[in-house]
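Undergrad: Shown below is the structure under consideration.
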Amino acid sequence: MNLYEQLKNQLTPKHVTERYGTSIHRGDMICCPFHDDKTPSMKLYDDHFYCFGCQASGDIFDFYGRLNGLDFKETLEQLAEEAGVT
């Protein structure tokens, strides 16, 4: 199993979000970090996220990379380091 698959199997958008101290509301909804959001409009699913306000969507790699301004390789490396996966 490669690093991408390991992280994909180990982490969910909810795990990544919790690391940043974001409040997760009922129904796994959060305020979207990608636009000015006053009420939770982003839904965290087991394998992806979707914002009903700005239509941002993707998996853990999309979320983490976009949140931190990283390309895919940097995202993979940083997530692996944070998760303790080598």
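Chain identifiers are assigned as A, B, and so on, following the order in which chains appear in the structure tokens; residues are numbered from 1 within each chain, and ligands are numbered from 1 in order of appearance.
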List as a ChimeraX atom specification the protein and nucleic acid residues near A:Asp36, meaning an atom at most 10 Å away when only C-alpha atoms are counted, but skip any in the same chain fewer than 5 places from it.

TA: /A:31,53-54

Undergrad: If you run DSSP over the backbone, which residues in chain A end up alpha helix (DSSP H)? Put them as a ChimeraX atom specification.

TA: /A:3-10,13-18,60-68,72-83

Undergrad: Set the distance at 12 Å and use only C-alpha atoms: which residues neighbour A:Glu5 once local chain neighbours fewer than 6 positions away are removed? I'd like the list as a list in words.

TA: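 Counting only the stated atoms, we get Leu11, Ile60, Phe61, Leu76, Ala80 and Val85 of chain A.
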
Undergrad: If we count only C-alpha atoms and set the cut-off at 10 Å, which residues sit around stretch 15-24 of chain A, ignoring sequence neighbours fewer than 4 positions away in its own chain? Please answer as a PyMOL selection string.

TA: chain A and resi 10-11+28-33+40+42-44+46+60-61+63-64+67+79+82-83

Undergrad: Please, which residues of chain A, numbered as in this document, come out strand (DSSP E) from DSSP, as a list in words?

TA: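 Residues meeting the strand (DSSP E) criterion: Met29, Ile30, Met42, Lys43, Leu44, Phe49, Tyr50, Cys51, Ser57 and Gly58 of chain A.
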
Undergrad: From the list A:Gln6, A:Ser41, A:Thr75, A:Thr86, which residue is nearest A:Asp62 when using only C-alpha atoms?

TA: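 Among the listed residues, A:Thr75 lies closest to A:Asp62.
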
Undergrad: Just want the 6 Å neighbourhood of A:His48, counted on only C-alpha atoms, with same-chain residues fewer than 2 positions away dropped. Output as a ChimeraX atom specification.

TA: /A:45,58-59

Undergrad: Measure the distance from atom CA of A:His35 to atom CA of A:Tyr50 in Å and round it to one decimal.

TA: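 It comes out at 12.8 Å.
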